[in-house]
>>> print(open('protein-v4.pdb').read())   # PDB, C-alpha atoms
ATOM      1  CA  MET A   1     -57.922  24.533 -47.026
ATOM      2  CA  SER A   2     -58.802  27.198 -44.454
ATOM      3  CA  ASP A   3     -57.667  29.863 -46.936
ATOM      4  CA  ILE A   4     -60.089  28.494 -49.534
ATOM      5  CA  ILE A   5     -62.938  28.450 -47.012
ATOM      6  CA  ASP A   6     -62.198  32.042 -46.040
ATOM      7  CA  GLU A   7     -62.239  33.089 -49.691
ATOM      8  CA  LEU A   8     -65.419  31.135 -50.469
ATOM      9  CA  LEU A   9     -67.524  31.910 -47.417
ATOM     10  CA  HIS A  10     -68.258  35.127 -45.562
ATOM     11  CA  GLU A  11     -68.803  33.978 -41.964
ATOM     12  CA  LEU A  12     -71.700  35.432 -39.994
ATOM     13  CA  GLN A  13     -71.464  33.168 -36.932
ATOM     14  CA  PRO A  14     -70.155  29.656 -36.129
ATOM     15  CA  PRO A  15     -72.622  26.758 -36.560
ATOM     16  CA  ARG A  16     -74.386  25.126 -33.616
ATOM     17  CA  ALA A  17     -75.914  21.695 -32.962
ATOM     18  CA  PRO A  18     -79.674  21.305 -33.620
ATOM     19  CA  THR A  19     -82.252  21.490 -30.809
ATOM     20  CA  ARG A  20     -86.059  21.246 -30.618
ATOM     21  CA  THR A  21     -88.259  21.181 -33.734
ATOM     22  CA  LYS A  22     -91.353  23.254 -32.943
ATOM     23  CA  VAL A  23     -92.486  25.497 -35.797
ATOM     24  CA  THR A  24     -94.971  28.357 -35.641
ATOM     25  CA  ILE A  25     -96.767  29.584 -38.758
ATOM     26  CA  VAL A  26     -98.421  32.996 -38.528
ATOM     27  CA  GLY A  27    -101.182  33.381 -41.099
ATOM     28  CA  VAL A  28    -103.428  30.546 -42.318
ATOM     29  CA  GLY A  29    -104.157  31.866 -45.783
ATOM     30  CA  GLN A  30    -103.274  29.967 -48.940
ATOM     31  CA  VAL A  31     -99.517  30.409 -48.473
ATOM     32  CA  GLY A  32     -99.511  29.666 -44.745
ATOM     33  CA  MET A  33    -101.474  26.470 -45.180
ATOM     34  CA  ALA A  34     -99.340  25.336 -48.118
ATOM     35  CA  CYS A  35     -96.347  25.765 -45.802
ATOM     36  CA  ALA A  36     -98.077  23.933 -42.943
ATOM     37  CA  TYR A  37     -99.190  21.069 -45.175
ATOM     38  CA  SER A  38     -95.741  20.651 -46.740
ATOM     39  CA  ILE A  39     -94.017  20.666 -43.339
ATOM     40  CA  LEU A  40     -96.539  18.176 -41.917
ATOM     41  CA  GLN A  41     -96.575  15.868 -44.924
ATOM     42  CA  GLN A  42     -92.778  15.669 -44.982
ATOM     43  CA  GLY A  43     -92.515  14.982 -41.241
ATOM     44  CA  ILE A  44     -90.196  17.929 -40.645
ATOM     45  CA  ALA A  45     -91.443  19.233 -37.282
ATOM     46  CA  SER A  46     -92.474  17.573 -34.021
ATOM     47  CA  GLU A  47     -94.984  20.350 -33.319
ATOM     48  CA  ILE A  48     -96.741  22.951 -35.459
ATOM     49  CA  ALA A  49     -98.491  25.991 -33.991
ATOM     50  CA  LEU A  50    -100.855  27.999 -36.203
ATOM     51  CA  VAL A  51    -101.753  31.608 -35.393
ATOM     52  CA  ASP A  52    -104.242  33.912 -37.095
ATOM     53  CA  VAL A  53    -106.766  36.612 -36.191
ATOM     54  CA  VAL A  54    -109.713  34.799 -37.846
ATOM     55  CA  ALA A  55    -110.751  32.237 -35.225
ATOM     56  CA  ASP A  56    -113.238  30.220 -37.332
ATOM     57  CA  LYS A  57    -110.837  29.806 -40.263
ATOM     58  CA  LEU A  58    -108.086  28.873 -37.831
ATOM     59  CA  GLU A  59    -110.201  26.198 -36.119
ATOM     60  CA  GLY A  60    -111.279  24.755 -39.456
ATOM     61  CA  GLU A  61    -107.728  24.485 -40.747
ATOM     62  CA  LEU A  62    -106.595  22.971 -37.443
ATOM     63  CA  GLN A  63    -109.212  20.218 -37.512
ATOM     64  CA  ASP A  64    -108.602  19.494 -41.180
ATOM     65  CA  LEU A  65    -104.877  18.936 -40.549
ATOM     66  CA  GLN A  66    -105.444  16.974 -37.337
ATOM     67  CA  HIS A  67    -107.766  14.558 -39.114
ATOM     68  CA  GLY A  68    -104.884  13.583 -41.377
ATOM     69  CA  LEU A  69    -102.442  12.742 -38.578
ATOM     70  CA  ALA A  70    -103.094   9.019 -38.975
ATOM     71  CA  PHE A  71    -101.372   9.289 -42.365
ATOM     72  CA  THR A  72     -98.284  11.280 -41.320
ATOM     73  CA  ARG A  73     -95.391  11.024 -38.935
ATOM     74  CA  PRO A  74     -96.249  11.922 -35.319
ATOM     75  CA  CYS A  75     -96.795  15.647 -34.927
ATOM     76  CA  VAL A  76     -98.641  17.817 -32.423
ATOM     77  CA  ILE A  77    -100.734  20.509 -34.136
ATOM     78  CA  LYS A  78    -102.168  23.431 -32.185
ATOM     79  CA  ALA A  79    -103.866  26.660 -33.194
ATOM     80  CA  GLY A  80    -104.990  29.854 -31.520
ATOM     81  CA  THR A  81    -105.386  33.590 -31.776
ATOM     82  CA  ASP A  82    -103.268  34.093 -28.638
ATOM     83  CA  TYR A  83     -99.511  34.074 -29.198
ATOM     84  CA  SER A  84     -98.867  32.118 -26.010
ATOM     85  CA  ILE A  85     -99.471  29.018 -28.113
ATOM     86  CA  THR A  86     -96.194  29.734 -29.922
ATOM     87  CA  ALA A  87     -94.012  29.477 -26.805
ATOM     88  CA  GLU A  88     -90.587  27.869 -27.287
ATOM     89  CA  SER A  89     -90.790  27.775 -31.069
ATOM     90  CA  ARG A  90     -87.507  26.961 -32.728
ATOM     91  CA  LEU A  91     -88.579  28.716 -35.914
ATOM     92  CA  CYS A  92     -91.402  31.107 -36.778
ATOM     93  CA  VAL A  93     -92.664  31.343 -40.353
ATOM     94  CA  ILE A  94     -94.419  34.633 -41.115
ATOM     95  CA  THR A  95     -96.947  34.451 -43.948
ATOM     96  CA  ALA A  96     -99.487  36.944 -42.582
ATOM     97  CA  GLY A  97    -100.214  40.189 -44.348
ATOM     98  CA  CYS A  98    -102.172  41.801 -47.127
ATOM     99  CA  ARG A  99    -102.435  39.656 -50.221
ATOM    100  CA  GLN A 100    -100.814  40.877 -53.414
ATOM    101  CA  ARG A 101    -103.491  42.018 -55.843
ATOM    102  CA  GLU A 102    -103.480  41.359 -59.569
ATOM    103  CA  GLY A 103    -101.068  43.776 -61.213
ATOM    104  CA  GLU A 104     -99.729  45.020 -57.874
ATOM    105  CA  THR A 105     -95.985  44.968 -57.283
ATOM    106  CA  ARG A 106     -94.606  43.414 -54.110
ATOM    107  CA  LEU A 107     -93.107  46.708 -53.016
ATOM    108  CA  SER A 108     -96.451  48.495 -53.109
ATOM    109  CA  LEU A 109     -97.642  46.197 -50.315
ATOM    110  CA  VAL A 110     -95.012  47.327 -47.879
ATOM    111  CA  GLN A 111     -96.451  49.921 -45.513
ATOM    112  CA  ARG A 112     -99.769  48.070 -45.171
ATOM    113  CA  ASN A 113     -97.878  44.998 -44.056
ATOM    114  CA  VAL A 114     -95.501  46.900 -41.777
ATOM    115  CA  GLU A 115     -98.454  47.853 -39.594
ATOM    116  CA  ILE A 116     -99.513  44.213 -39.365
ATOM    117  CA  PHE A 117     -95.980  43.129 -38.423
ATOM    118  CA  LYS A 118     -95.911  45.593 -35.525
ATOM    119  CA  GLY A 119     -98.566  43.449 -33.853
ATOM    120  CA  ILE A 120     -96.911  40.112 -34.672
ATOM    121  CA  ILE A 121     -93.153  40.210 -34.206
ATOM    122  CA  PRO A 122     -92.916  41.496 -30.583
ATOM    123  CA  GLN A 123     -95.427  38.851 -29.461
ATOM    124  CA  LEU A 124     -93.442  36.035 -31.049
ATOM    125  CA  VAL A 125     -90.192  37.233 -29.475
ATOM    126  CA  LYS A 126     -91.944  37.519 -26.100
ATOM    127  CA  TYR A 127     -92.795  33.815 -26.068
ATOM    128  CA  SER A 128     -89.790  32.503 -28.039
ATOM    129  CA  PRO A 129     -86.834  34.853 -27.430
ATOM    130  CA  GLU A 130     -84.351  32.491 -29.087
ATOM    131  CA  THR A 131     -86.424  31.691 -32.157
ATOM    132  CA  LEU A 132     -85.404  32.017 -35.795
ATOM    133  CA  PHE A 133     -87.600  34.044 -38.135
ATOM    134  CA  LEU A 134     -88.368  32.994 -41.699
ATOM    135  CA  VAL A 135     -90.293  35.797 -43.398
ATOM    136  CA  VAL A 136     -92.411  34.826 -46.404
ATOM    137  CA  SER A 137     -94.883  37.731 -46.608
ATOM    138  CA  ASN A 138     -94.313  40.178 -49.454
ATOM    139  CA  PRO A 139     -92.443  42.355 -50.115
ATOM    140  CA  VAL A 140     -90.225  39.803 -48.414
ATOM    141  CA  ASP A 141     -86.916  41.688 -48.508
ATOM    142  CA  VAL A 142     -88.262  44.841 -46.884
ATOM    143  CA  LEU A 143     -90.390  42.895 -44.391
ATOM    144  CA  THR A 144     -87.354  40.850 -43.371
ATOM    145  CA  TYR A 145     -85.625  44.140 -42.580
ATOM    146  CA  VAL A 146     -88.739  45.216 -40.655
ATOM    147  CA  THR A 147     -88.755  41.937 -38.703
ATOM    148  CA  TRP A 148     -85.099  42.389 -37.799
ATOM    149  CA  LYS A 149     -85.765  45.908 -36.538
ATOM    150  CA  LEU A 150     -88.893  44.976 -34.584
ATOM    151  CA  SER A 151     -87.476  41.771 -33.085
ATOM    152  CA  GLY A 152     -84.178  43.072 -31.761
ATOM    153  CA  LEU A 153     -82.618  39.724 -32.711
ATOM    154  CA  PRO A 154     -79.225  39.285 -34.404
ATOM    155  CA  PRO A 155     -79.506  39.577 -38.202
ATOM    156  CA  GLU A 156     -78.350  35.955 -38.572
ATOM    157  CA  HIS A 157     -81.559  34.844 -36.820
ATOM    158  CA  VAL A 158     -83.850  36.748 -39.201
ATOM    159  CA  PHE A 159     -84.020  35.770 -42.864
ATOM    160  CA  GLY A 160     -86.539  35.737 -45.672
ATOM    161  CA  SER A 161     -87.592  33.174 -48.277
ATOM    162  CA  GLY A 162     -86.125  35.672 -50.738
ATOM    163  CA  THR A 163     -85.185  34.408 -54.182
ATOM    164  CA  ASN A 164     -85.127  30.737 -53.229
ATOM    165  CA  LEU A 165     -88.318  30.160 -55.231
ATOM    166  CA  ASP A 166     -87.108  32.502 -57.990
ATOM    167  CA  SER A 167     -83.978  30.349 -58.287
ATOM    168  CA  ALA A 168     -86.127  27.209 -58.474
ATOM    169  CA  ARG A 169     -88.234  28.789 -61.236
ATOM    170  CA  PHE A 170     -84.995  29.762 -62.985
ATOM    171  CA  ARG A 171     -83.715  26.182 -62.814
ATOM    172  CA  PHE A 172     -87.028  24.803 -64.085
ATOM    173  CA  LEU A 173     -87.061  27.134 -67.089
ATOM    174  CA  LEU A 174     -83.416  26.326 -67.807
ATOM    175  CA  SER A 175     -84.243  22.624 -67.659
ATOM    176  CA  GLU A 176     -86.969  23.072 -70.257
ATOM    177  CA  LYS A 177     -84.606  24.950 -72.543
ATOM    178  CA  LEU A 178     -81.665  22.554 -72.114
ATOM    179  CA  GLY A 179     -83.611  19.283 -71.892
ATOM    180  CA  VAL A 180     -82.026  18.325 -68.559
ATOM    181  CA  ALA A 181     -83.817  17.696 -65.247
ATOM    182  CA  ALA A 182     -84.275  20.804 -63.091
ATOM    183  CA  THR A 183     -82.402  19.104 -60.237
ATOM    184  CA  ASN A 184     -79.303  19.003 -62.438
ATOM    185  CA  CYS A 185     -79.525  22.578 -63.728
ATOM    186  CA  HIS A 186     -77.788  24.955 -61.353
ATOM    187  CA  GLY A 187     -78.285  28.682 -61.350
ATOM    188  CA  TRP A 188     -79.036  31.514 -58.966
ATOM    189  CA  ILE A 189     -81.330  34.494 -58.853
ATOM    190  CA  ILE A 190     -80.064  37.062 -56.337
ATOM    191  CA  GLY A 191     -81.023  40.545 -55.180
ATOM    192  CA  GLU A 192     -84.648  41.575 -54.728
ATOM    193  CA  HIS A 193     -87.434  39.026 -54.784
ATOM    194  CA  GLY A 194     -89.074  41.053 -57.487
ATOM    195  CA  ASP A 195     -88.561  43.172 -60.551
ATOM    196  CA  SER A 196     -84.927  44.153 -59.890
ATOM    197  CA  SER A 197     -83.691  40.602 -59.282
ATOM    198  CA  VAL A 198     -80.402  39.531 -60.870
ATOM    199  CA  ALA A 199     -79.855  36.330 -62.836
ATOM    200  CA  VAL A 200     -76.276  35.132 -62.321
ATOM    201  CA  TRP A 201     -75.704  33.908 -65.862
ATOM    202  CA  SER A 202     -71.958  33.578 -65.298
ATOM    203  CA  GLY A 203     -72.578  30.752 -62.820
ATOM    204  CA  VAL A 204     -75.233  28.730 -64.675
ATOM    205  CA  ASN A 205     -73.988  25.161 -65.054
ATOM    206  CA  VAL A 206     -74.976  21.561 -65.691
ATOM    207  CA  ALA A 207     -72.865  18.995 -63.833
ATOM    208  CA  GLY A 208     -70.239  21.660 -63.216
ATOM    209  CA  VAL A 209     -70.015  22.672 -66.877
ATOM    210  CA  THR A 210     -70.780  26.385 -67.076
ATOM    211  CA  LEU A 211     -72.649  27.680 -70.082
ATOM    212  CA  SER A 212     -70.224  30.591 -70.282
ATOM    213  CA  ALA A 213     -67.351  28.109 -70.766
ATOM    214  CA  LEU A 214     -69.152  26.516 -73.699
ATOM    215  CA  LYS A 215     -70.216  29.850 -75.150
ATOM    216  CA  PRO A 216     -67.675  32.581 -74.295
ATOM    217  CA  ASN A 217     -69.873  35.292 -75.826
ATOM    218  CA  LEU A 218     -72.855  34.305 -73.674
ATOM    219  CA  GLU A 219     -72.674  37.630 -71.854
ATOM    220  CA  LYS A 220     -73.263  39.459 -75.151
ATOM    221  CA  GLU A 221     -76.267  37.256 -75.871
ATOM    222  CA  ALA A 222     -77.612  37.474 -72.326
ATOM    223  CA  HIS A 223     -80.417  39.803 -73.377
ATOM    224  CA  THR A 224     -81.945  36.928 -75.368
ATOM    225  CA  TRP A 225     -81.745  34.590 -72.382
ATOM    226  CA  GLU A 226     -83.064  37.362 -70.147
ATOM    227  CA  GLU A 227     -86.158  37.658 -72.325
ATOM    228  CA  GLU A 228     -86.703  33.910 -72.624
ATOM    229  CA  ILE A 229     -85.966  32.867 -69.040
ATOM    230  CA  HIS A 230     -85.279  35.578 -66.450
ATOM    231  CA  LYS A 231     -88.202  37.727 -67.570
ATOM    232  CA  LYS A 232     -90.469  34.699 -67.143
ATOM    233  CA  VAL A 233     -89.077  34.181 -63.633
ATOM    234  CA  ILE A 234     -90.000  37.754 -62.712
ATOM    235  CA  GLU A 235     -93.453  37.454 -64.269
ATOM    236  CA  SER A 236     -94.243  34.017 -62.818
ATOM    237  CA  ALA A 237     -96.007  35.171 -59.651
ATOM    238  CA  TYR A 238     -97.965  37.853 -61.507
ATOM    239  CA  ASN A 239     -99.151  35.283 -64.061
ATOM    240  CA  ILE A 240    -100.159  32.739 -61.430
ATOM    241  CA  ILE A 241    -102.028  35.381 -59.423
ATOM    242  CA  LYS A 242    -103.847  36.405 -62.596
ATOM    243  CA  LEU A 243    -104.797  32.789 -63.328
ATOM    244  CA  LYS A 244    -105.713  31.431 -59.865
ATOM    245  CA  GLY A 245    -105.702  34.446 -57.557
ATOM    246  CA  TYR A 246    -102.640  33.558 -55.453
ATOM    247  CA  THR A 247     -99.453  31.489 -55.381
ATOM    248  CA  SER A 248     -99.181  28.685 -52.846
ATOM    249  CA  TRP A 249     -97.808  25.230 -53.639
ATOM    250  CA  ALA A 250     -94.319  26.102 -54.866
ATOM    251  CA  ILE A 251     -93.659  28.572 -52.052
ATOM    252  CA  GLY A 252     -94.969  25.993 -49.557
ATOM    253  CA  LEU A 253     -92.473  23.432 -50.840
ATOM    254  CA  SER A 254     -89.669  26.000 -50.822
ATOM    255  CA  VAL A 255     -90.428  26.983 -47.223
ATOM    256  CA  ALA A 256     -90.574  23.343 -46.121
ATOM    257  CA  LYS A 257     -87.121  22.735 -47.576
ATOM    258  CA  ILE A 258     -85.736  25.790 -45.774
ATOM    259  CA  VAL A 259     -87.387  24.808 -42.476
ATOM    260  CA  ARG A 260     -86.021  21.261 -42.733
ATOM    261  CA  GLY A 261     -82.536  22.603 -43.334
ATOM    262  CA  ALA A 262     -82.724  24.883 -40.301
ATOM    263  CA  LEU A 263     -84.288  22.462 -37.837
ATOM    264  CA  HIS A 264     -82.017  19.567 -38.737
ATOM    265  CA  ASN A 265     -78.807  21.551 -39.249
ATOM    266  CA  HIS A 266     -78.363  20.310 -42.818
ATOM    267  CA  ARG A 267     -76.046  23.201 -43.770
ATOM    268  CA  ASN A 268     -77.823  23.667 -47.093
ATOM    269  CA  VAL A 269     -77.193  26.710 -49.254
ATOM    270  CA  PHE A 270     -80.387  28.639 -50.049
ATOM    271  CA  ALA A 271     -80.997  31.961 -51.787
ATOM    272  CA  LEU A 272     -82.294  33.797 -48.705
ATOM    273  CA  THR A 273     -82.917  37.396 -47.771
ATOM    274  CA  THR A 274     -80.266  38.602 -45.337
ATOM    275  CA  ASN A 275     -78.378  41.719 -44.298
ATOM    276  CA  VAL A 276     -75.731  42.087 -47.024
ATOM    277  CA  LYS A 277     -73.766  44.954 -45.517
ATOM    278  CA  GLY A 278     -70.069  44.441 -46.269
ATOM    279  CA  ILE A 279     -70.630  42.002 -49.146
ATOM    280  CA  HIS A 280     -70.094  42.750 -52.869
ATOM    281  CA  GLY A 281     -69.259  46.358 -52.032
ATOM    282  CA  ILE A 282     -72.595  47.111 -50.352
ATOM    283  CA  GLU A 283     -71.893  49.287 -47.324
ATOM    284  CA  GLU A 284     -75.357  49.887 -45.842
ATOM    285  CA  ASP A 285     -77.834  47.780 -43.873
ATOM    286  CA  VAL A 286     -79.994  46.465 -46.671
ATOM    287  CA  PHE A 287     -81.722  43.099 -46.943
ATOM    288  CA  LEU A 288     -81.692  41.156 -50.204
ATOM    289  CA  SER A 289     -80.984  37.610 -51.339
ATOM    290  CA  LEU A 290     -77.618  35.917 -51.706
ATOM    291  CA  PRO A 291     -76.669  32.224 -51.371
ATOM    292  CA  CYS A 292     -76.597  31.574 -47.606
ATOM    293  CA  VAL A 293     -75.532  28.588 -45.507
ATOM    294  CA  LEU A 294     -78.330  27.760 -43.070
ATOM    295  CA  GLY A 295     -77.886  25.830 -39.833
ATOM    296  CA  SER A 296     -79.829  25.244 -36.641
ATOM    297  CA  ASN A 297     -78.743  28.613 -35.243
ATOM    298  CA  GLY A 298     -79.647  30.539 -38.378
ATOM    299  CA  LEU A 299     -77.455  31.842 -41.168
ATOM    300  CA  THR A 300     -73.777  31.052 -40.639
ATOM    301  CA  HIS A 301     -72.184  32.084 -43.936
ATOM    302  CA  VAL A 302     -72.864  33.904 -47.192
ATOM    303  CA  VAL A 303     -71.243  32.324 -50.245
ATOM    304  CA  ARG A 304     -68.911  34.774 -51.996
ATOM    305  CA  GLN A 305     -70.049  34.359 -55.587
ATOM    306  CA  THR A 306     -67.657  35.411 -58.321
ATOM    307  CA  LEU A 307     -69.865  37.918 -60.112
ATOM    308  CA  LEU A 308     -69.183  39.725 -63.371
ATOM    309  CA  PRO A 309     -69.008  43.536 -63.249
ATOM    310  CA  ASN A 310     -72.427  43.883 -64.886
ATOM    311  CA  GLU A 311     -73.926  41.457 -62.347
ATOM    312  CA  ILE A 312     -72.474  43.452 -59.443
ATOM    313  CA  GLU A 313     -73.827  46.628 -61.014
ATOM    314  CA  LYS A 314     -77.317  45.111 -61.214
ATOM    315  CA  LEU A 315     -77.031  43.856 -57.619
ATOM    316  CA  HIS A 316     -76.141  47.357 -56.427
ATOM    317  CA  LYS A 317     -79.126  48.714 -58.334
ATOM    318  CA  SER A 318     -81.366  46.154 -56.622
ATOM    319  CA  ALA A 319     -79.890  47.121 -53.232
ATOM    320  CA  LYS A 320     -80.516  50.798 -53.955
ATOM    321  CA  THR A 321     -84.151  50.079 -54.845
ATOM    322  CA  LEU A 322     -84.709  48.261 -51.562
ATOM    323  CA  ARG A 323     -82.752  50.774 -49.506
ATOM    324  CA  GLU A 324     -84.951  53.597 -50.791
ATOM    325  CA  ILE A 325     -88.046  51.695 -49.657
ATOM    326  CA  GLN A 326     -86.507  50.921 -46.251
ATOM    327  CA  ASP A 327     -85.732  54.591 -45.682
ATOM    328  CA  LYS A 328     -89.388  55.537 -46.233
ATOM    329  CA  LEU A 329     -90.785  53.069 -43.705
ATOM    330  CA  GLN A 330     -92.563  54.248 -40.576
ATOM    331  CA  LEU A 331     -91.448  51.738 -37.942
TER     332      LEU A 331
END
>>> encode(input="protein-v4.pdb", output="structure tokens")
Amino acid sequence: MSDIIDELLHELQPPRAPTRTKVTIVGVGQVGMACAYSILQQGIASEIALVDVVADKLEGELQDLQHGLAFTRPCVIKAGTDYSITAESRLCVITAGCRQREGETRLSLVQRNVEIFKGIIPQLVKYSPETLFLVVSNPVDVLTYVTWKLSGLPPEHVFGSGTNLDSARFRFLLSEKLGVAATNCHGWIIGEHGDSSVAVWSGVNVAGVTLSALKPNLEKEAHTWEEEIHKKVIESAYNIIKLKGYTSWAIGLSVAKIVRGALHNHRNVFALTTNVKGIHGIEEDVFLSLPCVLGSNGLTHVVRQTLLPNEIEKLHKSAKTLREIQDKLQL
């Protein structure tokens, strides 16, 4: 059995028992508050600290959440512009940054947000030196790399929301096409959270039955599925931003699920942004999404997916795209 585990999982660090459940959320925009509301409503954390530079907005959001505490599980909610309020956080969720504009790619946001992160990450580490970082701000892959560099923490303690939402969108679109509930359609989007993401068609399955087993020539027809499903996954955020100005609810739910898994040591597998050096033939420090096992001490393993040659090729292309951006950063 140990041989199978070694083949299946690339170990990053051994798991550890769960501890406290204080969560800090930096940024109280639409995404930050969707995260805060989802975490509060689901009773995931014992304490939530909100941080932002806009004091009036922060106070308003704080009071609005506090007034609902009679309808939730017990939770202490605090807010402030001073990072001392975040002390002893078990996990810090970073949603602050410049908002993605209509028609703007995630990668074009990068340097503007790097400057913002320089004022955030060191302060969080100062007050919570053993915290975990969950980066949500876009471009999430590059900003997760930036957070790792600025924090000085082990890479296993710094991860991004990555393609976890992309994978959920993928499963939803598959469910519509196949007529099966999204919870029972299994598939992964890996690589960049963006235009160079990779749909792992070889692993798509319903109840363990892979589509490729039913249709051996699926790979040859993948371009049709790419157009009908994966292309829609990539365009989803752009379309929502065009229609309502921002995305919020789905990413809030995704983040809440990730936070729950970390705080309570559930050992879930999520598609998260992590340092993939040494995996799938990638030999440089580059951050992109792969299926990761998450525990109370951060990422413990990366699942070794059996990828087809064309999927590995696309993953390497995605890694190259992100590496080129990383190399241009002024940290």
>>> resolve_selection(input="protein-v4.pdb", expression="the PyMOL selection byres ((chain A and resi 27-36) around 8)", output="PDB file with C-alpha atoms, keeping the file's coordinate frame")
ATOM      1  CA  ILE A  25     -96.767  29.584 -38.758  1.00  0.00           C
ATOM      2  CA  VAL A  26     -98.421  32.996 -38.528  1.00  0.00           C
ATOM      3  CA  TYR A  37     -99.190  21.069 -45.175  1.00  0.00           C
ATOM      4  CA  SER A  38     -95.741  20.651 -46.740  1.00  0.00           C
ATOM      5  CA  ILE A  39     -94.017  20.666 -43.339  1.00  0.00           C
ATOM      6  CA  LEU A  40     -96.539  18.176 -41.917  1.00  0.00           C
ATOM      7  CA  ILE A  48     -96.741  22.951 -35.459  1.00  0.00           C
ATOM      8  CA  LEU A  50    -100.855  27.999 -36.203  1.00  0.00           C
ATOM      9  CA  VAL A  51    -101.753  31.608 -35.393  1.00  0.00           C
ATOM     10  CA  ASP A  52    -104.242  33.912 -37.095  1.00  0.00           C
ATOM     11  CA  LYS A  57    -110.837  29.806 -40.263  1.00  0.00           C
ATOM     12  CA  LEU A  58    -108.086  28.873 -37.831  1.00  0.00           C
ATOM     13  CA  GLU A  61    -107.728  24.485 -40.747  1.00  0.00           C
ATOM     14  CA  ILE A  94     -94.419  34.633 -41.115  1.00  0.00           C
ATOM     15  CA  THR A  95     -96.947  34.451 -43.948  1.00  0.00           C
ATOM     16  CA  ALA A  96     -99.487  36.944 -42.582  1.00  0.00           C
ATOM     17  CA  GLY A  97    -100.214  40.189 -44.348  1.00  0.00           C
ATOM     18  CA  TYR A 246    -102.640  33.558 -55.453  1.00  0.00           C
ATOM     19  CA  THR A 247     -99.453  31.489 -55.381  1.00  0.00           C
ATOM     20  CA  SER A 248     -99.181  28.685 -52.846  1.00  0.00           C
ATOM     21  CA  TRP A 249     -97.808  25.230 -53.639  1.00  0.00           C
ATOM     22  CA  ILE A 251     -93.659  28.572 -52.052  1.00  0.00           C
ATOM     23  CA  GLY A 252     -94.969  25.993 -49.557  1.00  0.00           C
ATOM     24  CA  LEU A 253     -92.473  23.432 -50.840  1.00  0.00           C
ATOM     25  CA  VAL A 255     -90.428  26.983 -47.223  1.00  0.00           C
ATOM     26  CA  ALA A 256     -90.574  23.343 -46.121  1.00  0.00           C
TER      27      ALA A 256
END
>>> residues_around(input="protein-v4.pdb", residues="stretch 288-290 of chain A", least_positions_apart="3", cutoff="9 Å", atoms="only C-alpha atoms", output="PyMOL selection string")
chain A and resi 140-142+144+160-164+188-193+197+270-276+302-305+318-319+322
>>> closest_residue(input="protein-v4.pdb", among="A:Ser167, A:Thr321, A:Gln326, A:Asn265", to="A:Val114", atoms="all atoms listed in the file")
A:Gln326
>>> atom_distance(input="protein-v4.pdb", atom1="atom CA of A:Ile116", atom2="atom CA of A:Leu132")
19.0 Å
>>> closest_residue(input="protein-v4.pdb", among="A:Leu308, A:Leu211, A:Ile325, A:Ala262", to="A:His280", atoms="all atoms listed in the file")
A:Leu308
>>> closest_residue(input="protein-v4.pdb", among="A:Gln330, A:Ala199, A:Ile312, A:Asn205", to="A:Leu178", atoms="all atoms listed in the file")
A:Asn205
>>> residues_around(input="protein-v4.pdb", residues="A:Arg169", least_positions_apart="5", cutoff="9 Å", atoms="only C-alpha atoms", output="count of residues only")
5
>>> resolve_selection(input="protein-v4.pdb", expression="the PyMOL selection byres ((chain A and resi 13) around 8)", output="list of chain:residue names")
A:Glu11, A:Leu12, A:Pro14, A:Pro15, A:Glu156, A:Leu299, A:Thr300, A:His301
>>> atom_distance(input="protein-v4.pdb", atom1="atom CA of A:Thr147", atom2="atom CA of A:Val198")
23.8 Å
>>> atom_distance(input="protein-v4.pdb", atom1="atom CA of A:Ser296", atom2="atom CA of A:Leu263")
5.4 Å
>>> resolve_selection(input="protein-v4.pdb", expression="the PyMOL selection byres ((chain A and resi 171) around 7)", output="mmCIF file with C-alpha atoms, in the coordinates of the input")
data_model
loop_
_atom_site.group_PDB
_atom_site.id
_atom_site.type_symbol
_atom_site.label_atom_id
_atom_site.label_comp_id
_atom_site.auth_asym_id
_atom_site.auth_seq_id
_atom_site.Cartn_x
_atom_site.Cartn_y
_atom_site.Cartn_z
ATOM 1 C CA SER A 167 -83.978 30.349 -58.287
ATOM 2 C CA ALA A 168 -86.127 27.209 -58.474
ATOM 3 C CA ARG A 169 -88.234 28.789 -61.236
ATOM 4 C CA PHE A 170 -84.995 29.762 -62.985
ATOM 5 C CA PHE A 172 -87.028 24.803 -64.085
ATOM 6 C CA LEU A 173 -87.061 27.134 -67.089
ATOM 7 C CA LEU A 174 -83.416 26.326 -67.807
ATOM 8 C CA SER A 175 -84.243 22.624 -67.659
ATOM 9 C CA ALA A 182 -84.275 20.804 -63.091
ATOM 10 C CA CYS A 185 -79.525 22.578 -63.728
ATOM 11 C CA HIS A 186 -77.788 24.955 -61.353
ATOM 12 C CA GLY A 187 -78.285 28.682 -61.350
#
